$ cat upload00.pdb   # PDB, C-alpha atoms, pLDDT in the B column
ATOM      1  CA  THR A   1     148.607  45.097 158.414  1.00 45.00           C
ATOM      2  CA  GLY A   2     146.152  44.535 155.580  1.00 52.00           C
ATOM      3  CA  HIS A   3     143.177  45.804 157.617  1.00 50.00           C
ATOM      4  CA  PRO A   4     141.193  48.905 156.655  1.00 54.00           C
ATOM      5  CA  LEU A   5     141.540  50.728 159.955  1.00 52.00           C
ATOM      6  CA  THR A   6     139.476  53.379 161.641  1.00 54.00           C
ATOM      7  CA  GLU A   7     141.295  54.740 164.667  1.00 54.00           C
ATOM      8  CA  LEU A   8     139.170  54.667 167.798  1.00 54.00           C
ATOM      9  CA  VAL A   9     141.910  55.453 170.322  1.00 54.00           C
ATOM     10  CA  CYS A  10     145.636  56.130 170.352  1.00 54.00           C
ATOM     11  CA  ASN A  11     148.370  55.556 172.956  1.00 52.00           C
ATOM     12  CA  ASP A  12     148.167  57.990 175.845  1.00 51.00           C
ATOM     13  CA  ASP A  13     144.795  59.462 174.873  1.00 54.00           C
ATOM     14  CA  ASP A  14     143.149  58.705 178.226  1.00 53.00           C
ATOM     15  CA  PRO A  15     142.697  62.044 180.025  1.00 57.00           C
ATOM     16  CA  GLY A  16     143.083  60.193 183.332  1.00 58.00           C
ATOM     17  CA  ASN A  17     146.748  59.414 182.617  1.00 56.00           C
ATOM     18  CA  THR A  18     148.843  61.067 185.336  1.00 59.00           C
ATOM     19  CA  ALA A  19     151.904  58.843 185.780  1.00 62.00           C
ATOM     20  CA  THR A  20     154.960  59.117 183.572  1.00 58.00           C
ATOM     21  CA  GLY A  21     154.979  56.199 181.146  1.00 55.00           C
ATOM     22  CA  ASP A  22     151.220  55.601 181.449  1.00 55.00           C
ATOM     23  CA  PHE A  23     150.124  55.135 177.844  1.00 54.00           C
ATOM     24  CA  THR A  24     146.654  53.838 178.637  1.00 56.00           C
ATOM     25  CA  SER A  25     144.010  54.118 175.964  1.00 58.00           C
ATOM     26  CA  ARG A  26     140.345  53.583 176.652  1.00 58.00           C
ATOM     27  CA  ILE A  27     137.559  52.799 174.269  1.00 58.00           C
ATOM     28  CA  ALA A  28     134.292  54.259 175.474  1.00 56.00           C
ATOM     29  CA  ASP A  29     130.920  53.914 173.800  1.00 57.00           C
ATOM     30  CA  PHE A  30     131.084  54.405 170.066  1.00 60.00           C
ATOM     31  CA  ALA A  31     128.689  53.856 167.202  1.00 63.00           C
ATOM     32  CA  VAL A  32     128.962  50.525 165.396  1.00 61.00           C
ATOM     33  CA  THR A  33     127.676  49.396 162.052  1.00 60.00           C
ATOM     34  CA  ALA A  34     126.074  45.970 161.670  1.00 58.00           C
ATOM     35  CA  GLY A  35     128.192  43.557 159.633  1.00 60.00           C
ATOM     36  CA  THR A  36     131.403  45.541 160.194  1.00 62.00           C
ATOM     37  CA  THR A  37     134.477  43.985 161.802  1.00 61.00           C
ATOM     38  CA  TYR A  38     136.421  46.346 164.055  1.00 59.00           C
ATOM     39  CA  TYR A  39     140.165  45.823 164.472  1.00 58.00           C
ATOM     40  CA  ILE A  40     141.870  46.900 167.678  1.00 57.00           C
ATOM     41  CA  ARG A  41     145.657  46.697 167.649  1.00 56.00           C
ATOM     42  CA  VAL A  42     147.420  46.366 170.974  1.00 55.00           C
ATOM     43  CA  SER A  43     151.097  47.308 170.835  1.00 53.00           C
ATOM     44  CA  SER A  44     153.897  48.388 173.096  1.00 50.00           C
ATOM     45  CA  TYR A  45     155.195  51.932 172.915  1.00 49.00           C
ATOM     46  CA  ALA A  46     158.745  50.788 172.173  1.00 50.00           C
ATOM     47  CA  GLN A  47     159.318  50.167 168.458  1.00 50.00           C
ATOM     48  CA  GLY A  48     155.630  49.558 167.723  1.00 49.00           C
ATOM     49  CA  ARG A  49     155.967  45.861 168.514  1.00 50.00           C
ATOM     50  CA  ILE A  50     152.603  44.104 168.434  1.00 47.00           C
ATOM     51  CA  ASP A  51     151.924  42.405 171.761  1.00 52.00           C
ATOM     52  CA  GLY A  52     148.402  41.223 170.986  1.00 50.00           C
ATOM     53  CA  GLU A  53     145.133  42.120 169.396  1.00 50.00           C
ATOM     54  CA  ALA A  54     141.408  41.875 169.985  1.00 49.00           C
ATOM     55  CA  ARG A  55     138.789  41.535 167.276  1.00 51.00           C
ATOM     56  CA  LEU A  56     135.174  42.479 167.811  1.00 50.00           C
ATOM     57  CA  SER A  57     132.537  41.659 165.259  1.00 49.00           C
ATOM     58  CA  PHE A  58     128.984  42.943 165.469  1.00 47.00           C
ATOM     59  CA  SER A  59     126.095  41.669 163.449  1.00 46.00           C
ATOM     60  CA  GLY A  60     122.769  43.406 163.165  1.00 48.00           C
ATOM     61  CA  PRO A  61     120.225  44.422 163.671  1.00 50.00           C
ATOM     62  CA  ALA A  62     121.587  46.140 166.744  1.00 52.00           C
ATOM     63  CA  LEU A  63     119.085  46.784 169.490  1.00 52.00           C
ATOM     64  CA  VAL A  64     118.875  50.157 171.130  1.00 52.00           C
ATOM     65  CA  SER A  65     116.948  51.187 174.180  1.00 52.00           C
ATOM     66  CA  ASN A  66     113.493  52.637 173.716  1.00 51.00           C
ATOM     67  CA  GLU A  67     114.911  56.018 174.769  1.00 56.00           C
ATOM     68  CA  GLU A  68     117.340  55.958 171.824  1.00 54.00           C
ATOM     69  CA  ALA A  69     115.036  54.440 169.196  1.00 49.00           C
ATOM     70  CA  PRO A  70     113.251  56.681 166.745  1.00 50.00           C
ATOM     71  CA  GLU A  71     109.706  57.328 167.917  1.00 51.00           C
ATOM     72  CA  ILE A  72     108.148  55.402 165.038  1.00 49.00           C
ATOM     73  CA  ARG A  73     110.109  52.229 165.854  1.00 60.00           C
ATOM     74  CA  ARG A  74     109.407  52.053 169.589  1.00 75.00           C
ATOM     75  CA  LEU A  75     107.712  49.023 171.053  1.00 87.00           C
ATOM     76  CA  ALA A  76     105.681  49.075 174.248  1.00 90.00           C
ATOM     77  CA  LEU A  77     104.124  46.224 176.206  1.00 93.00           C
ATOM     78  CA  SER A  78     101.142  46.893 178.432  1.00 95.00           C
ATOM     79  CA  PRO A  79     101.066  45.379 181.916  1.00 95.00           C
ATOM     80  CA  ALA A  80      99.896  41.756 182.007  1.00 96.00           C
ATOM     81  CA  LEU A  81      96.261  41.284 183.061  1.00 96.00           C
ATOM     82  CA  PRO A  82      95.510  39.477 185.243  1.00 96.00           C
ATOM     83  CA  ASN A  83      98.748  39.500 187.161  1.00 95.00           C
ATOM     84  CA  PRO A  84      99.337  37.278 189.013  1.00 95.00           C
ATOM     85  CA  THR A  85      97.673  34.699 186.780  1.00 95.00           C
ATOM     86  CA  VAL A  86      96.562  31.086 187.086  1.00 93.00           C
ATOM     87  CA  GLY A  87      95.793  30.014 183.504  1.00 91.00           C
ATOM     88  CA  ARG A  88      96.310  32.865 181.077  1.00 95.00           C
ATOM     89  CA  THR A  89      97.259  36.510 180.911  1.00 96.00           C
ATOM     90  CA  GLU A  90      96.870  39.147 178.230  1.00 97.00           C
ATOM     91  CA  MET A  91      99.015  42.068 177.071  1.00 96.00           C
ATOM     92  CA  THR A  92      98.960  44.588 174.247  1.00 95.00           C
ATOM     93  CA  LEU A  93     102.093  45.177 172.191  1.00 95.00           C
ATOM     94  CA  SER A  94     102.130  48.674 170.699  1.00 91.00           C
ATOM     95  CA  VAL A  95     103.970  48.741 167.392  1.00 89.00           C
ATOM     96  CA  GLY A  96     104.969  52.216 166.183  1.00 81.00           C
ATOM     97  CA  THR A  97     105.723  51.203 162.597  1.00 84.00           C
ATOM     98  CA  PRO A  98     105.261  47.984 160.595  1.00 87.00           C
ATOM     99  CA  GLN A  99     108.125  45.605 161.383  1.00 89.00           C
ATOM    100  CA  THR A 100     109.053  41.990 162.013  1.00 92.00           C
ATOM    101  CA  LEU A 101     108.607  40.924 165.629  1.00 93.00           C
ATOM    102  CA  ASP A 102     109.559  38.046 167.877  1.00 95.00           C
ATOM    103  CA  VAL A 103     107.779  37.665 171.221  1.00 96.00           C
ATOM    104  CA  GLY A 104     108.662  35.023 173.770  1.00 96.00           C
ATOM    105  CA  VAL A 105     108.319  34.193 177.454  1.00 96.00           C
ATOM    106  CA  TYR A 106     111.468  33.555 179.492  1.00 94.00           C
ATOM    107  CA  ASP A 107     111.974  32.079 182.948  1.00 92.00           C
ATOM    108  CA  VAL A 108     114.187  33.678 185.601  1.00 88.00           C
ATOM    109  CA  LEU A 109     117.201  31.756 184.256  1.00 89.00           C
ATOM    110  CA  GLY A 110     116.744  33.348 180.821  1.00 89.00           C
ATOM    111  CA  ARG A 111     115.459  30.212 179.098  1.00 92.00           C
ATOM    112  CA  ARG A 112     112.755  30.688 176.495  1.00 95.00           C
ATOM    113  CA  VAL A 113     109.776  28.687 177.736  1.00 96.00           C
ATOM    114  CA  LEU A 114     106.998  29.856 175.396  1.00 96.00           C
ATOM    115  CA  ASP A 115     106.766  31.232 171.877  1.00 96.00           C
ATOM    116  CA  VAL A 116     104.071  33.891 171.715  1.00 96.00           C
ATOM    117  CA  TYR A 117     104.377  35.534 168.290  1.00 96.00           C
ATOM    118  CA  THR A 118     106.821  35.645 165.391  1.00 95.00           C
ATOM    119  CA  GLY A 119     106.158  37.532 162.185  1.00 94.00           C
ATOM    120  CA  ALA A 120     105.298  40.843 160.643  1.00 92.00           C
ATOM    121  CA  ALA A 121     103.060  43.307 162.449  1.00 90.00           C
ATOM    122  CA  ALA A 122     101.619  46.490 161.024  1.00 84.00           C
ATOM    123  CA  ALA A 123      99.443  47.423 163.999  1.00 84.00           C
ATOM    124  CA  ASP A 124      99.158  46.826 167.732  1.00 90.00           C
ATOM    125  CA  LEU A 125      98.921  43.173 168.740  1.00 93.00           C
ATOM    126  CA  SER A 126      96.760  41.598 171.399  1.00 95.00           C
ATOM    127  CA  LEU A 127      98.852  38.876 173.035  1.00 96.00           C
ATOM    128  CA  VAL A 128      97.206  36.003 174.910  1.00 96.00           C
ATOM    129  CA  ILE A 129      99.688  33.956 176.902  1.00 97.00           C
ATOM    130  CA  GLN A 130      98.541  30.520 178.041  1.00 96.00           C
ATOM    131  CA  THR A 131     100.347  29.784 181.321  1.00 96.00           C
ATOM    132  CA  THR A 132      98.920  26.345 182.147  1.00 94.00           C
ATOM    133  CA  THR A 133     102.224  24.599 181.317  1.00 94.00           C
ATOM    134  CA  LEU A 134     104.294  26.990 183.440  1.00 96.00           C
ATOM    135  CA  ARG A 135     105.263  26.439 187.056  1.00 95.00           C
ATOM    136  CA  SER A 136     104.630  29.030 189.740  1.00 95.00           C
ATOM    137  CA  GLY A 137     107.079  31.894 189.459  1.00 94.00           C
ATOM    138  CA  THR A 138     107.984  35.116 187.716  1.00 94.00           C
ATOM    139  CA  TYR A 139     108.386  35.249 183.937  1.00 96.00           C
ATOM    140  CA  VAL A 140     109.563  37.880 181.456  1.00 94.00           C
ATOM    141  CA  VAL A 141     107.827  38.634 178.169  1.00 96.00           C
ATOM    142  CA  ARG A 142     110.347  39.993 175.660  1.00 95.00           C
ATOM    143  CA  ALA A 143     109.217  41.546 172.393  1.00 94.00           C
ATOM    144  CA  THR A 144     112.047  42.161 169.933  1.00 92.00           C
ATOM    145  CA  GLY A 145     111.551  44.306 166.854  1.00 89.00           C
ATOM    146  CA  GLU A 146     113.855  45.504 164.109  1.00 83.00           C
ATOM    147  CA  ALA A 147     115.364  48.345 166.136  1.00 78.00           C
ATOM    148  CA  THR A 148     114.250  47.974 169.734  1.00 83.00           C
ATOM    149  CA  ALA A 149     112.920  45.610 172.371  1.00 88.00           C
ATOM    150  CA  ALA A 150     110.395  45.813 175.205  1.00 91.00           C
ATOM    151  CA  THR A 151     109.945  43.631 178.281  1.00 93.00           C
ATOM    152  CA  ARG A 152     107.374  43.101 181.020  1.00 94.00           C
ATOM    153  CA  THR A 153     107.083  40.594 183.833  1.00 94.00           C
ATOM    154  CA  PHE A 154     104.183  38.581 185.121  1.00 96.00           C
ATOM    155  CA  THR A 155     103.723  36.004 187.858  1.00 96.00           C
ATOM    156  CA  VAL A 156     102.121  32.563 187.700  1.00 96.00           C
ATOM    157  CA  VAL A 157     100.538  31.162 190.860  1.00 95.00           C
ATOM    158  CA  ARG A 158      99.163  27.661 191.378  1.00 86.00           C
TER
END

$ encode --input "upload00.pdb" --output "structure tokens"
Amino acid sequence: TGHPLTELVCNDDDPGNTATGDFTSRIADFAVTAGTTYYIRVSSYAQGRIDGEARLSFSGPALVSNEEAPEIRRLALSPALPNPTVGRTEMTLSVGTPQTLDVGVYDVLGRRVLDVYTGAAAADLSLVIQTTTLRSGTYVVRATGEATAATRTFTVVR
């Protein structure tokens, strides 16, 4: 087919197959490499006829949960103080190793409503979030690093 293939699954490799003629294959969690395109061929059992295909492309850096990230790359956000807030709130972002960070505030619909910090950080950051332009409600602070992300919520009251 012209594609360098790495087999992830093969017909009838699902251990849950119990019916005759059930050739179900399942792709569970598997490691991916940023910038790699994965090719999944979908074919019928009879004569290897191609019925369709799906292409998945991942670009990095991939984010992993704090539980999976190496200790030196973990990010941690302290609770917001004061919370709830009227005009401003403060947090500390613990940075385990020097890395590039992006910190923003998002509303409950997932829209970015404030930029807090973007750039390199070699040590913990003190974040001051001015909330005077925000309506009453709950907001999420999301800090994204090179290998992980951290979130915290805070509430604005008027």

$ atom_distance --input "upload00.pdb" --atom1 "CA of Phe154 (chain A)" --atom2 "CA of Pro98 (chain A)"
26.3 Å

$ closest_residue --input "upload00.pdb" --among "A:Ser126, A:Thr131, A:Thr85, A:Gln99" --to "Ala147 (chain A)" --atoms "only C-alpha atoms"
A:Gln99

$ closest_residue --input "upload00.pdb" --among "A:Leu134, A:Leu81, A:Val86, A:Ala143" --to "Thr100 (chain A)" --atoms "only C-alpha atoms"
A:Ala143

$ atom_distance --input "upload00.pdb" --atom1 "CA of Leu125 (chain A)" --atom2 "CA of Val108 (chain A)"
24.6 Å

$ resolve_selection --input "upload00.pdb" --expression "the PyMOL selection byres ((chain A and resi 114) around 6)" --output "list of chain:residue names"
A:Gly104, A:Val105, A:Arg112, A:Val113, A:Asp115

$ closest_residue --input "upload00.pdb" --among "A:Val95, A:Arg158, A:Arg74, A:Pro84" --to "Thr132 (chain A)" --atoms "all atoms listed in the file"
A:Arg158

$ atom_distance --input "upload00.pdb" --atom1 "CA of Leu75 (chain A)" --atom2 "CA of Gly145 (chain A)"
7.4 Å

$ closest_residue --input "upload00.pdb" --among "A:Thr118, A:Thr133, A:Ser94, A:Thr148" --to "Ala76 (chain A)" --atoms "only C-alpha atoms"
A:Ser94

$ residues_near_point --input "upload00.pdb" --point "(110.8, 32.7, 186.9)" --cutoff "9 Å" --atoms "only C-alpha atoms" --output "ChimeraX atom specification"
/A:106-110,135-140,155-156

$ closest_residue --input "upload00.pdb" --among "A:Ala122, A:Ile129, A:Gly87, A:Thr144" --to "Val157 (chain A)" --atoms "all atoms listed in the file"
A:Gly87

$ decode --input "upload00.pdb" --residues "region 75-94 of chain A" --atoms "N, CA and C atoms" --output "short mmCIF file (atom, residue, chain, number, x, y, z; two decimals), in the first residue's frame"
data_model
loop_
_atom_site.label_atom_id
_atom_site.label_comp_id
_atom_site.auth_asym_id
_atom_site.auth_seq_id
_atom_site.Cartn_x
_atom_site.Cartn_y
_atom_site.Cartn_z
N LEU A 75 3.71 19.76 36.95
CA LEU A 75 3.26 21.10 37.30
C LEU A 75 2.23 20.96 38.40
N ALA A 76 2.16 21.95 39.28
CA ALA A 76 1.14 21.95 40.32
C ALA A 76 0.70 23.39 40.56
N LEU A 77 -0.61 23.58 40.62
CA LEU A 77 -1.18 24.89 40.94
C LEU A 77 -1.72 24.86 42.35
N SER A 78 -1.38 25.87 43.13
CA SER A 78 -1.93 25.97 44.48
C SER A 78 -3.38 26.41 44.38
N PRO A 79 -4.15 26.23 45.45
CA PRO A 79 -5.51 26.77 45.45
C PRO A 79 -5.48 28.29 45.29
N ALA A 80 -6.52 28.83 44.67
CA ALA A 80 -6.64 30.28 44.50
C ALA A 80 -6.99 30.92 45.83
N LEU A 81 -6.33 32.04 46.13
CA LEU A 81 -6.61 32.79 47.36
C LEU A 81 -6.72 34.27 47.03
N PRO A 82 -7.77 34.94 47.40
CA PRO A 82 -8.97 34.39 48.04
C PRO A 82 -9.84 33.69 47.00
N ASN A 83 -10.67 32.82 47.49
CA ASN A 83 -11.63 32.11 46.66
C ASN A 83 -12.85 31.81 47.51
N PRO A 84 -13.99 32.41 47.18
CA PRO A 84 -14.28 33.23 46.01
C PRO A 84 -13.59 34.59 46.09
N THR A 85 -13.52 35.25 44.92
CA THR A 85 -12.83 36.53 44.81
C THR A 85 -13.75 37.59 44.23
N VAL A 86 -13.41 38.84 44.49
CA VAL A 86 -14.16 39.97 43.92
C VAL A 86 -13.32 40.66 42.85
N GLY A 87 -12.03 40.92 43.13
CA GLY A 87 -11.23 41.71 42.20
C GLY A 87 -9.96 41.04 41.70
N ARG A 88 -9.38 40.18 42.52
CA ARG A 88 -8.18 39.48 42.10
C ARG A 88 -7.99 38.26 42.97
N THR A 89 -7.25 37.30 42.44
CA THR A 89 -6.91 36.10 43.19
C THR A 89 -5.48 35.74 42.85
N GLU A 90 -4.83 35.00 43.72
CA GLU A 90 -3.44 34.64 43.51
C GLU A 90 -3.26 33.13 43.64
N MET A 91 -2.30 32.60 42.87
CA MET A 91 -1.96 31.18 42.90
C MET A 91 -0.45 31.06 42.73
N THR A 92 0.09 29.93 43.12
CA THR A 92 1.49 29.62 42.85
C THR A 92 1.52 28.43 41.92
N LEU A 93 2.32 28.55 40.86
CA LEU A 93 2.53 27.45 39.92
C LEU A 93 3.89 26.85 40.20
N SER A 94 3.90 25.61 40.67
CA SER A 94 5.17 24.92 40.94
C SER A 94 5.65 24.27 39.66
#
